[in-house]
Amino acid sequence: MQQLEIRDLVVHYKVPIGTIKTLFDLQLDIEKGDSIGIVGESGSGKSTLGLSIVGLLPPNARVKGHIVFEGKDLLKMQPGKMNGIRGTGIFMIMQDPFNSLNPVKKIKDQLIEALQVRYSRNGEKAQKGKLYDEVLKRLRDVKLPDPEAIMDRYPHQLSGGQIQRVVIAMGLLLEPDILIADEPTSALDVSVQAQIIALIKELQDRYRMSLLFITHDLSIAYAVSEKLLILYGGRILEFGKTEDVINNPAHPYTEGLLKSFPRGNYKDGKLYTLSGMPPLFTSMPDGCVFNPRCPYAFDRCYKEEPELYNYMDKKVRCFLKHD
Amino acid sequence: MIFIVFSLIHIILPSPQAMAKVYIGGSHFTQAEVSAIIVKYGLSKPIYVQFFSYLINILHGNFGIDSLYKVPEMYLLDKFIPITLEFVIIAIIIQVLLGLLTGSVAASWRNRVPDWVIKVLYLIAWAMPVFLLATLLQFVFAYYTKVLPPFNIANPLLVPPKTITGFPLLDAAIEGDWTYFDSVLDHIVLPVLAIAFAGFGITTRIMRASTIDVLDKDYVKLSYMKGLSRWKVFRGTVFRNSMIPIITLTALQFGFAIAGAVVIEEIFIYKGMGFFLYQSTVSLDYIAILSTTLIIGISVIIANFIADILYAVVDPRVRLD
């Protein structure tokens with residue numbers, strides 16, 4: 001069953017110097033229980049993708065295409081109706097933990113507020129005490145030490161890892177169908193990163209949510225996801241089962257990413273690096289977006305843009321994988 | 001601060017001896033009388049000795065005897081301060097409410113019609129000098145349409161209620177003298193509007209900038225993500241965070257408002273401290289100028305102190321655990 005269907009999604013940003021195309025012709029299906037890793041460099045449009053699904057793009061963004069959730073096109077929806085989808089339907093965890101909770105409200109109040117949203121949507125009423133107990137239970141679920149004390153704290157009194165756990169607990173309280181995590185660990189210490197990722201994975205299995213995990217770190221995406229989507233310059237370059245993509249990379253970009261990953265003995269020599277820089281949205285190359293950095297680029301790559309071709313159960317945007 | 005005011009008055013105003021010399025030989029004074037006054041008030045002593053004795057006296061609550069009204073200065077201050085405080089505080093409250101509202105609206109409809117309309121309004125109010133604004137208000141509402149009285153604190157034909165707190169509105173309410181209360185209310189509108197209009201632009205501007213800043217924060221996105229409605233997100237998250245800088249700003253504006261009150265009271269012949277200060281300056285009433293300036297200074301300091309306390313109430317991050 002298709003839970004979320006993204007068709008021909010194009011996102012522009014209107015800026016004083018013109019328009020910037022951030023996402024181009026994006027297609028993605030999310031099935032119930034899926035976990036999809038979205039990997040891309042900074043500026044590849046990965047956060048834009050997450051924000052466009054929840055309808056929280058900045059006001060200067062222009063969106064075209066279709067995002068269909070439970071039979072309804074989110075992009076054609078009234079802004080007021082969209083509020084009814086967010087929270088219990090789709091929930092997104094933000095990148096920067098230090099900015100993601102309201103600094104003037106206690107953790108308790110922010111979480112109870114979220115829980116009340118779910119209750120009121122289900123038409124249930126709950127006592128203050130019952131709400132408090134449920135919030136406390138979820139804080140234990142996300143393995144926060146001493147949850148009673150944390151309930152009475154303000155966000156600035158918590159560490160980044162603790163805040164991310166609180167936000168995850170908020171997600172659990174809302175019981176969303178789809179959880180989008182936008183680099184939830186990039187601002188955290190490596191040891192905390194591993195814990196948070198394990199937690200997200202565990203909870204996803206337990207509550208059967210679909211997960212969209214946005215990251216720039218291929219190894220994290222590998223650990224979390226069953227399907228992997230490689231985003232570059234606002235386009236999908238490769239999409240398939242995580243195992244397939246990692247073991248048999250089809251696109252030169254994926255290949256490069258994997259080669260530049262340190263493995264084995266670090267003293268063996270220099271690490272492989274992809275030459276060049278990711279393209280700027282203001283000056284996209286003609287033809288294939290990856291051509292300036294591609295070691296295999298040939299004439300056709302500079303003239304026309306490849307489509308997303310089917311190649312061995314995967315989808316690849318490269319002429320080499322298409323006859 | 002006391003020292004600065006004290007010194008300034010000594011520098012700017014002619015000294016009593018110099019003043020006295022003008023009159024010596026005339027019908028008012030003889031040399032002996034002047035000498036007696038100089039000895040009585042210690043005017044021949046060095047300025048720092050004079051300052052020191054003044055300091056000790058005000059610490060005892062003794063501001064001296066007013067040289068014009070011939071009553072203790074304390075009595076006059078007690079009479080005039082509440083009148084000014086009353087309308088300045090009301091004006092500040094209206095100004096802040098107006099600023100918060102317009103600033104929020106402007107930020108929510110950024111670069112659209114409501115934003116432009118508000119920008120035009122506050123720029124006009126802001127760019128206009130207080131005295132011009134006050135005179136215009138007086139002209140339009142009092143002389144042209146005659147809906148409000150042009151000057152005075154209340155209808156002079158009414159008998160004022162007993163002085164309890166000194167605040168005319170409060171006293172009338174406590175006494176239950178509602179005709180007097182209505183009259184005071186009618187008279188207070190124009191001075192309050194003048195001060196509120198003159199100052200609300202800054203509040204609007206800061207509130208707009210602060211709201212735009214907060215709207216961009218991740219925690220606002222997260223509030224939306226919870227599935228809360230736009231109004232709830234605004235009330236619970238955006239507003240509570242964006243109003244924090246307004247507290248400091250209001251404490252600063254309180255000083256401007258009191259200073260503005262001097263001009264406003266003169267225009268509306270609203271007999272409060274500003275009016276008193278103006279009259280004293282014209283009549284070279286040293287003690288009155290010194291004491292009123294001191295009181296204005298102290299009230300600004302108190303306003304800042306209150307702001308600091310409010311800050312901790314609103315923003316948990318500055319609280320000391």
# chains A, B, ... in the order shown; residues from 1 in each chain; ligands from 1
>>> residues_around(residues="Thr250 (chain B)", least_positions_apart="3", cutoff="9 Å", atoms="only C-alpha atoms", output="NGL selection string")
:B and (92 or 96 or 203 or 245-247 or 253-255 or 303-304 or 307)
>>> write_last_selection(atoms="all heavy atoms", output="JSON list (two decimals), in the first residue's frame")
[["chain", "number", "residue", "atom", "x", "y", "z"],
["B", 92, "ILE", "N", 1.92, 54.33, 28.55],
["B", 92, "ILE", "CA", 2.90, 53.26, 28.26],
["B", 92, "ILE", "C", 2.17, 51.95, 28.00],
["B", 92, "ILE", "O", 2.52, 51.20, 27.08],
["B", 92, "ILE", "CB", 3.89, 53.13, 29.44],
["B", 92, "ILE", "CG1", 4.86, 54.31, 29.45],
["B", 92, "ILE", "CG2", 4.63, 51.81, 29.37],
["B", 92, "ILE", "CD1", 6.02, 54.17, 28.50],
["B", 96, "VAL", "N", 2.44, 50.00, 24.54],
["B", 96, "VAL", "CA", 2.97, 48.65, 24.42],
["B", 96, "VAL", "C", 1.95, 47.73, 23.75],
["B", 96, "VAL", "O", 2.30, 46.97, 22.83],
["B", 96, "VAL", "CB", 3.37, 48.09, 25.80],
["B", 96, "VAL", "CG1", 3.66, 46.60, 25.72],
["B", 96, "VAL", "CG2", 4.58, 48.82, 26.32],
["B", 203, "THR", "N", 8.22, 50.38, 19.43],
["B", 203, "THR", "CA", 7.75, 49.07, 19.89],
["B", 203, "THR", "C", 7.32, 48.22, 18.69],
["B", 203, "THR", "O", 7.68, 47.04, 18.58],
["B", 203, "THR", "CB", 6.56, 49.24, 20.85],
["B", 203, "THR", "OG1", 6.89, 50.25, 21.79],
["B", 203, "THR", "CG2", 6.27, 47.95, 21.58],
["B", 245, "PRO", "N", 12.20, 41.12, 24.02],
["B", 245, "PRO", "CA", 12.94, 42.40, 23.92],
["B", 245, "PRO", "C", 12.08, 43.63, 24.23],
["B", 245, "PRO", "O", 12.62, 44.68, 24.56],
["B", 245, "PRO", "CB", 13.44, 42.42, 22.47],
["B", 245, "PRO", "CG", 12.74, 41.35, 21.77],
["B", 245, "PRO", "CD", 12.26, 40.37, 22.77],
["B", 246, "ILE", "N", 10.76, 43.48, 24.12],
["B", 246, "ILE", "CA", 9.88, 44.63, 24.35],
["B", 246, "ILE", "C", 9.97, 45.09, 25.80],
["B", 246, "ILE", "O", 9.80, 46.27, 26.11],
["B", 246, "ILE", "CB", 8.42, 44.27, 23.97],
["B", 246, "ILE", "CG1", 8.34, 43.86, 22.51],
["B", 246, "ILE", "CG2", 7.47, 45.43, 24.24],
["B", 246, "ILE", "CD1", 8.79, 44.92, 21.54],
["B", 247, "ILE", "N", 10.26, 44.18, 26.72],
["B", 247, "ILE", "CA", 10.33, 44.54, 28.14],
["B", 247, "ILE", "C", 11.43, 45.57, 28.37],
["B", 247, "ILE", "O", 11.20, 46.62, 28.98],
["B", 247, "ILE", "CB", 10.58, 43.29, 28.99],
["B", 247, "ILE", "CG1", 9.37, 42.34, 28.86],
["B", 247, "ILE", "CG2", 10.81, 43.65, 30.44],
["B", 247, "ILE", "CD1", 9.59, 40.99, 29.46],
["B", 253, "GLN", "N", 11.72, 53.32, 27.19],
["B", 253, "GLN", "CA", 10.76, 54.29, 26.70],
["B", 253, "GLN", "C", 10.06, 55.03, 27.83],
["B", 253, "GLN", "O", 9.58, 56.14, 27.65],
["B", 253, "GLN", "CB", 9.73, 53.60, 25.81],
["B", 253, "GLN", "CG", 10.29, 53.30, 24.45],
["B", 253, "GLN", "CD", 9.20, 52.87, 23.52],
["B", 253, "GLN", "OE1", 8.59, 51.85, 23.72],
["B", 253, "GLN", "NE2", 8.97, 53.66, 22.51],
["B", 254, "PHE", "N", 10.03, 54.40, 28.99],
["B", 254, "PHE", "CA", 9.42, 55.05, 30.14],
["B", 254, "PHE", "C", 10.13, 56.38, 30.42],
["B", 254, "PHE", "O", 9.49, 57.39, 30.68],
["B", 254, "PHE", "CB", 9.52, 54.12, 31.35],
["B", 254, "PHE", "CG", 8.84, 54.64, 32.57],
["B", 254, "PHE", "CD1", 7.46, 54.58, 32.67],
["B", 254, "PHE", "CD2", 9.56, 55.22, 33.60],
["B", 254, "PHE", "CE1", 6.81, 55.08, 33.78],
["B", 254, "PHE", "CE2", 8.92, 55.71, 34.72],
["B", 254, "PHE", "CZ", 7.55, 55.64, 34.81],
["B", 255, "GLY", "N", 11.45, 56.36, 30.31],
["B", 255, "GLY", "CA", 12.22, 57.59, 30.49],
["B", 255, "GLY", "C", 11.83, 58.66, 29.49],
["B", 255, "GLY", "O", 11.59, 59.82, 29.84],
["B", 303, "ALA", "N", 11.94, 51.83, 36.90],
["B", 303, "ALA", "CA", 11.35, 51.17, 35.73],
["B", 303, "ALA", "C", 12.29, 50.10, 35.19],
["B", 303, "ALA", "O", 11.86, 49.00, 34.83],
["B", 303, "ALA", "CB", 11.03, 52.19, 34.66],
["B", 304, "ASN", "N", 13.59, 50.41, 35.14],
["B", 304, "ASN", "CA", 14.55, 49.43, 34.66],
["B", 304, "ASN", "C", 14.65, 48.23, 35.57],
["B", 304, "ASN", "O", 14.81, 47.10, 35.14],
["B", 304, "ASN", "CB", 15.92, 50.08, 34.50],
["B", 304, "ASN", "CG", 16.07, 50.74, 33.15],
["B", 304, "ASN", "OD1", 16.18, 50.06, 32.15],
["B", 304, "ASN", "ND2", 16.00, 52.05, 33.12],
["B", 307, "ALA", "N", 11.78, 46.09, 34.96],
["B", 307, "ALA", "CA", 12.00, 45.37, 33.69],
["B", 307, "ALA", "C", 12.87, 44.15, 33.91],
["B", 307, "ALA", "O", 12.62, 43.08, 33.36],
["B", 307, "ALA", "CB", 12.62, 46.30, 32.66]]
>>> interface_residues(of="chain B", to="chain A", cutoff="6 Å", atoms="only C-alpha atoms", output="number ranges by chain")
B: 218-219, 225-227, 229, 315-316
>>> atom_distance(atom1="CA of Ala125 (chain B)", atom2="CA of Ala196 (chain B)")
9.5 Å
>>> residues_around(residues="Ile67 (chain A)", least_positions_apart="4", cutoff="12 Å", atoms="only C-alpha atoms", output="NGL selection string")
:A and (2-10 or 26-30 or 49-55 or 63 or 71-77)
>>> select_by_dssp(residues="region 58-219 of chain A", states="helix (DSSP H, G or I)", output="ChimeraX atom specification")
/A:74-76,79-85,97-99,107-121,128-141,147-151,155-157,160-174,190-207,218-219
>>> atom_distance(atom1="CA of Glu41 (chain A)", atom2="CA of Lys314 (chain A)")
20.8 Å
>>> residues_around(residues="Gly37 (chain A)", least_positions_apart="4", cutoff="10 Å", atoms="only C-alpha atoms", output="PDB file with N, CA and C atoms, in the first residue's frame")
ATOM      1  N   ALA A 181      13.030  12.370   9.832  1.00  0.00           N
ATOM      2  CA  ALA A 181      14.103  12.820  10.708  1.00  0.00           C
ATOM      3  C   ALA A 181      15.129  13.546   9.857  1.00  0.00           C
ATOM      4  N   LEU A 211       9.610   5.614   8.050  1.00  0.00           N
ATOM      5  CA  LEU A 211      10.681   6.526   8.442  1.00  0.00           C
ATOM      6  C   LEU A 211      11.370   7.105   7.208  1.00  0.00           C
ATOM      7  N   LEU A 212      11.554   8.397   7.231  1.00  0.00           N
ATOM      8  CA  LEU A 212      12.308   9.068   6.181  1.00  0.00           C
ATOM      9  C   LEU A 212      13.497   9.690   6.883  1.00  0.00           C
ATOM     10  N   PHE A 213      14.672   9.129   6.689  1.00  0.00           N
ATOM     11  CA  PHE A 213      15.835   9.577   7.443  1.00  0.00           C
ATOM     12  C   PHE A 213      16.764  10.377   6.543  1.00  0.00           C
ATOM     13  N   ILE A 214      16.845  11.665   6.805  1.00  0.00           N
ATOM     14  CA  ILE A 214      17.652  12.543   5.959  1.00  0.00           C
ATOM     15  C   ILE A 214      19.024  12.705   6.602  1.00  0.00           C
ATOM     16  N   THR A 215      20.073  12.467   5.853  1.00  0.00           N
ATOM     17  CA  THR A 215      21.417  12.590   6.437  1.00  0.00           C
ATOM     18  C   THR A 215      22.450  12.866   5.349  1.00  0.00           C
ATOM     19  N   HIS A 216      23.612  13.338   5.774  1.00  0.00           N
ATOM     20  CA  HIS A 216      24.702  13.465   4.809  1.00  0.00           C
ATOM     21  C   HIS A 216      25.700  12.329   5.005  1.00  0.00           C
ATOM     22  N   ASP A 217      25.396  11.472   5.980  1.00  0.00           N
ATOM     23  CA  ASP A 217      26.354  10.436   6.363  1.00  0.00           C
ATOM     24  C   ASP A 217      25.867   9.076   5.862  1.00  0.00           C
ATOM     25  N   LEU A 218      26.587   8.550   4.868  1.00  0.00           N
ATOM     26  CA  LEU A 218      26.179   7.304   4.235  1.00  0.00           C
ATOM     27  C   LEU A 218      26.119   6.149   5.234  1.00  0.00           C
ATOM     28  N   ILE A 220      25.396   6.244   8.459  1.00  0.00           N
ATOM     29  CA  ILE A 220      24.184   6.313   9.280  1.00  0.00           C
ATOM     30  C   ILE A 220      22.996   5.826   8.467  1.00  0.00           C
ATOM     31  N   ALA A 221      22.904   6.284   7.214  1.00  0.00           N
ATOM     32  CA  ALA A 221      21.798   5.879   6.361  1.00  0.00           C
ATOM     33  C   ALA A 221      21.804   4.352   6.188  1.00  0.00           C
ATOM     34  N   TYR A 222      22.989   3.799   6.062  1.00  0.00           N
ATOM     35  CA  TYR A 222      23.118   2.351   5.904  1.00  0.00           C
ATOM     36  C   TYR A 222      22.591   1.627   7.137  1.00  0.00           C
ATOM     37  N   ALA A 223      22.909   2.195   8.318  1.00  0.00           N
ATOM     38  CA  ALA A 223      22.486   1.551   9.556  1.00  0.00           C
ATOM     39  C   ALA A 223      20.981   1.616   9.748  1.00  0.00           C
ATOM     40  N   VAL A 224      20.357   2.695   9.288  1.00  0.00           N
ATOM     41  CA  VAL A 224      18.952   2.924   9.605  1.00  0.00           C
ATOM     42  C   VAL A 224      17.999   2.373   8.559  1.00  0.00           C
ATOM     43  N   SER A 225      18.382   2.470   7.278  1.00  0.00           N
ATOM     44  CA  SER A 225      17.352   2.367   6.245  1.00  0.00           C
ATOM     45  C   SER A 225      17.356   1.044   5.502  1.00  0.00           C
ATOM     46  N   GLU A 226      16.202   0.746   4.918  1.00  0.00           N
ATOM     47  CA  GLU A 226      16.094  -0.408   4.041  1.00  0.00           C
ATOM     48  C   GLU A 226      16.245   0.009   2.593  1.00  0.00           C
ATOM     49  N   LYS A 227      15.818   1.260   2.301  1.00  0.00           N
ATOM     50  CA  LYS A 227      15.984   1.798   0.953  1.00  0.00           C
ATOM     51  C   LYS A 227      16.825   3.054   1.042  1.00  0.00           C
ATOM     52  N   LEU A 228      17.562   3.307  -0.013  1.00  0.00           N
ATOM     53  CA  LEU A 228      18.470   4.440   0.007  1.00  0.00           C
ATOM     54  C   LEU A 228      18.238   5.313  -1.211  1.00  0.00           C
ATOM     55  N   LEU A 229      18.194   6.612  -0.972  1.00  0.00           N
ATOM     56  CA  LEU A 229      17.981   7.542  -2.062  1.00  0.00           C
ATOM     57  C   LEU A 229      19.144   8.524  -2.070  1.00  0.00           C
ATOM     58  N   ILE A 230      19.846   8.579  -3.191  1.00  0.00           N
ATOM     59  CA  ILE A 230      20.986   9.484  -3.279  1.00  0.00           C
ATOM     60  C   ILE A 230      20.533  10.755  -3.997  1.00  0.00           C
ATOM     61  N   PHE A 239      18.377   5.232  -6.568  1.00  0.00           N
ATOM     62  CA  PHE A 239      17.397   4.827  -5.568  1.00  0.00           C
ATOM     63  C   PHE A 239      17.211   3.325  -5.624  1.00  0.00           C
ATOM     64  N   LYS A 241      17.296  -0.648  -2.974  1.00  0.00           N
ATOM     65  CA  LYS A 241      17.501  -1.264  -1.660  1.00  0.00           C
ATOM     66  C   LYS A 241      18.868  -0.859  -1.128  1.00  0.00           C
ATOM     67  N   THR A 242      18.943  -0.575   0.156  1.00  0.00           N
ATOM     68  CA  THR A 242      20.189  -0.085   0.745  1.00  0.00           C
ATOM     69  C   THR A 242      21.356  -1.030   0.457  1.00  0.00           C
TER      70      THR A 242
END
>>> residues_around(residues="Ile83 (chain B)", least_positions_apart="3", cutoff="7 Å", atoms="only C-alpha atoms", output="PyMOL selection string")
chain B and resi 80+86-87+166-168+272
>>> write_last_selection(atoms="C-alpha atoms", output="PDB file, in the first residue's frame")
ATOM      1  CA  PHE B  80       2.338  66.330  41.394  1.00  0.00           C
ATOM      2  CA  GLU B  86      -0.931  58.034  36.223  1.00  0.00           C
ATOM      3  CA  PHE B  87      -1.178  59.254  32.663  1.00  0.00           C
ATOM      4  CA  GLY B 166      -2.867  61.133  44.863  1.00  0.00           C
ATOM      5  CA  PHE B 167      -3.806  59.442  41.584  1.00  0.00           C
ATOM      6  CA  PRO B 168      -6.912  61.358  40.417  1.00  0.00           C
ATOM      7  CA  GLY B 272       1.442  67.302  37.011  1.00  0.00           C
TER       8      GLY B 272
END
>>> atom_distance(atom1="CA of Pro150 (chain B)", atom2="CA of Gln138 (chain B)")
5.8 Å
>>> residues_around(residues="Val120 (chain B)", least_positions_apart="4", cutoff="12 Å", atoms="only C-alpha atoms", output="ChimeraX atom specification")
/B:102,106,113-116,124-127,201,204-205
>>> write_last_selection(atoms="all heavy atoms", output="mmCIF file, in the first residue's frame")
data_model
loop_
_atom_site.group_PDB
_atom_site.id
_atom_site.type_symbol
_atom_site.label_atom_id
_atom_site.label_comp_id
_atom_site.auth_asym_id
_atom_site.auth_seq_id
_atom_site.Cartn_x
_atom_site.Cartn_y
_atom_site.Cartn_z
ATOM 1 N N THR B 102 0.411 45.778 16.515
ATOM 2 C CA THR B 102 0.791 46.172 15.151
ATOM 3 C C THR B 102 2.048 45.434 14.713
ATOM 4 O O THR B 102 2.163 45.024 13.562
ATOM 5 C CB THR B 102 1.015 47.685 15.057
ATOM 6 O OG1 THR B 102 1.882 48.082 16.118
ATOM 7 C CG2 THR B 102 -0.268 48.454 15.162
ATOM 8 N N ALA B 106 2.132 43.090 11.515
ATOM 9 C CA ALA B 106 3.050 43.426 10.422
ATOM 10 C C ALA B 106 3.961 42.251 10.091
ATOM 11 O O ALA B 106 4.219 41.958 8.924
ATOM 12 C CB ALA B 106 3.880 44.651 10.787
ATOM 13 N N VAL B 113 -0.184 44.031 2.408
ATOM 14 C CA VAL B 113 -0.883 45.289 2.688
ATOM 15 C C VAL B 113 -0.879 45.675 4.184
ATOM 16 O O VAL B 113 -0.529 46.806 4.523
ATOM 17 C CB VAL B 113 -2.316 45.251 2.107
ATOM 18 C CG1 VAL B 113 -3.070 46.521 2.468
ATOM 19 C CG2 VAL B 113 -2.259 45.053 0.605
ATOM 20 N N PRO B 114 -1.248 44.772 5.117
ATOM 21 C CA PRO B 114 -1.267 45.200 6.536
ATOM 22 C C PRO B 114 0.089 45.728 7.005
ATOM 23 O O PRO B 114 0.154 46.688 7.771
ATOM 24 C CB PRO B 114 -1.622 43.909 7.276
ATOM 25 C CG PRO B 114 -2.281 43.039 6.278
ATOM 26 C CD PRO B 114 -1.672 43.367 4.967
ATOM 27 N N ASP B 115 1.156 45.107 6.519
ATOM 28 C CA ASP B 115 2.492 45.532 6.893
ATOM 29 C C ASP B 115 2.762 46.966 6.425
ATOM 30 O O ASP B 115 3.257 47.802 7.172
ATOM 31 C CB ASP B 115 3.504 44.547 6.279
ATOM 32 C CG ASP B 115 4.915 44.770 6.800
ATOM 33 O OD1 ASP B 115 5.064 45.499 7.797
ATOM 34 O OD2 ASP B 115 5.854 44.210 6.217
ATOM 35 N N TRP B 116 2.393 47.232 5.154
ATOM 36 C CA TRP B 116 2.636 48.579 4.611
ATOM 37 C C TRP B 116 1.828 49.630 5.352
ATOM 38 O O TRP B 116 2.329 50.701 5.688
ATOM 39 C CB TRP B 116 2.291 48.637 3.118
ATOM 40 C CG TRP B 116 3.089 47.686 2.285
ATOM 41 C CD1 TRP B 116 4.360 47.248 2.531
ATOM 42 C CD2 TRP B 116 2.677 47.040 1.070
ATOM 43 N NE1 TRP B 116 4.755 46.363 1.561
ATOM 44 C CE2 TRP B 116 3.750 46.219 0.652
ATOM 45 C CE3 TRP B 116 1.516 47.076 0.306
ATOM 46 C CZ2 TRP B 116 3.685 45.455 -0.497
ATOM 47 C CZ3 TRP B 116 1.456 46.314 -0.841
ATOM 48 C CH2 TRP B 116 2.521 45.510 -1.244
ATOM 49 N N ILE B 124 4.669 57.932 10.381
ATOM 50 C CA ILE B 124 4.092 59.269 10.563
ATOM 51 C C ILE B 124 4.145 59.656 12.042
ATOM 52 O O ILE B 124 4.630 60.728 12.413
ATOM 53 C CB ILE B 124 2.629 59.300 10.055
ATOM 54 C CG1 ILE B 124 2.607 59.178 8.528
ATOM 55 C CG2 ILE B 124 1.940 60.592 10.494
ATOM 56 C CD1 ILE B 124 1.225 59.033 7.952
ATOM 57 N N ALA B 125 3.674 58.750 12.895
ATOM 58 C CA ALA B 125 3.614 59.054 14.327
ATOM 59 C C ALA B 125 5.013 59.270 14.900
ATOM 60 O O ALA B 125 5.225 60.123 15.747
ATOM 61 C CB ALA B 125 2.912 57.919 15.063
ATOM 62 N N TRP B 126 5.943 58.484 14.395
ATOM 63 C CA TRP B 126 7.282 58.510 14.928
ATOM 64 C C TRP B 126 8.031 59.768 14.490
ATOM 65 O O TRP B 126 8.757 60.401 15.273
ATOM 66 C CB TRP B 126 8.012 57.261 14.444
ATOM 67 C CG TRP B 126 9.238 56.938 15.187
ATOM 68 C CD1 TRP B 126 9.736 57.593 16.288
ATOM 69 C CD2 TRP B 126 10.133 55.879 14.909
ATOM 70 N NE1 TRP B 126 10.881 56.992 16.709
ATOM 71 C CE2 TRP B 126 11.153 55.939 15.876
ATOM 72 C CE3 TRP B 126 10.184 54.868 13.937
ATOM 73 C CZ2 TRP B 126 12.213 55.031 15.894
ATOM 74 C CZ3 TRP B 126 11.222 53.985 13.962
ATOM 75 C CH2 TRP B 126 12.223 54.061 14.931
ATOM 76 N N ALA B 127 7.832 60.124 13.239
ATOM 77 C CA ALA B 127 8.594 61.239 12.682
ATOM 78 C C ALA B 127 8.102 62.577 13.228
ATOM 79 O O ALA B 127 8.807 63.574 13.174
ATOM 80 C CB ALA B 127 8.483 61.210 11.166
ATOM 81 N N GLY B 201 5.771 53.505 17.687
ATOM 82 C CA GLY B 201 6.479 53.088 16.477
ATOM 83 C C GLY B 201 7.692 52.225 16.760
ATOM 84 O O GLY B 201 7.938 51.240 16.073
ATOM 85 N N THR B 204 6.551 48.826 17.773
ATOM 86 C CA THR B 204 6.111 48.098 16.577
ATOM 87 C C THR B 204 7.299 47.540 15.816
ATOM 88 O O THR B 204 7.324 46.379 15.430
ATOM 89 C CB THR B 204 5.336 49.034 15.638
ATOM 90 O OG1 THR B 204 4.326 49.671 16.385
ATOM 91 C CG2 THR B 204 4.724 48.273 14.494
ATOM 92 N N ARG B 205 8.277 48.389 15.617
ATOM 93 C CA ARG B 205 9.424 48.015 14.800
ATOM 94 C C ARG B 205 10.196 46.866 15.427
ATOM 95 O O ARG B 205 10.556 45.899 14.758
ATOM 96 C CB ARG B 205 10.343 49.218 14.642
ATOM 97 C CG ARG B 205 10.705 49.463 13.217
ATOM 98 C CD ARG B 205 11.748 50.505 13.064
ATOM 99 N NE ARG B 205 12.756 49.984 12.159
ATOM 100 C CZ ARG B 205 12.583 49.874 10.853
ATOM 101 N NH1 ARG B 205 11.448 50.239 10.306
ATOM 102 N NH2 ARG B 205 13.528 49.393 10.092
#
>>> residues_around(residues="region 67-70 of chain B", least_positions_apart="6", cutoff="9 Å", atoms="only C-alpha atoms", output="number ranges by chain")
B: 76, 280, 283, 285-288
>>> closest_residue(among="B:Ala134, B:Ala259, B:Val39, B:Val105", to="Val189 (chain B)", atoms="only C-alpha atoms")
B:Ala134
>>> closest_residue(among="B:Met128, B:Ile295, B:Ala107, B:Leu290", to="Ile206 (chain B)", atoms="only C-alpha atoms")
B:Ala107
>>> select_by_dssp(residues="region 170-251 of chain A", states="strand (DSSP E)", output="MDAnalysis selection string")
chainID A and resid 178:182 210:215 227:232 235:241
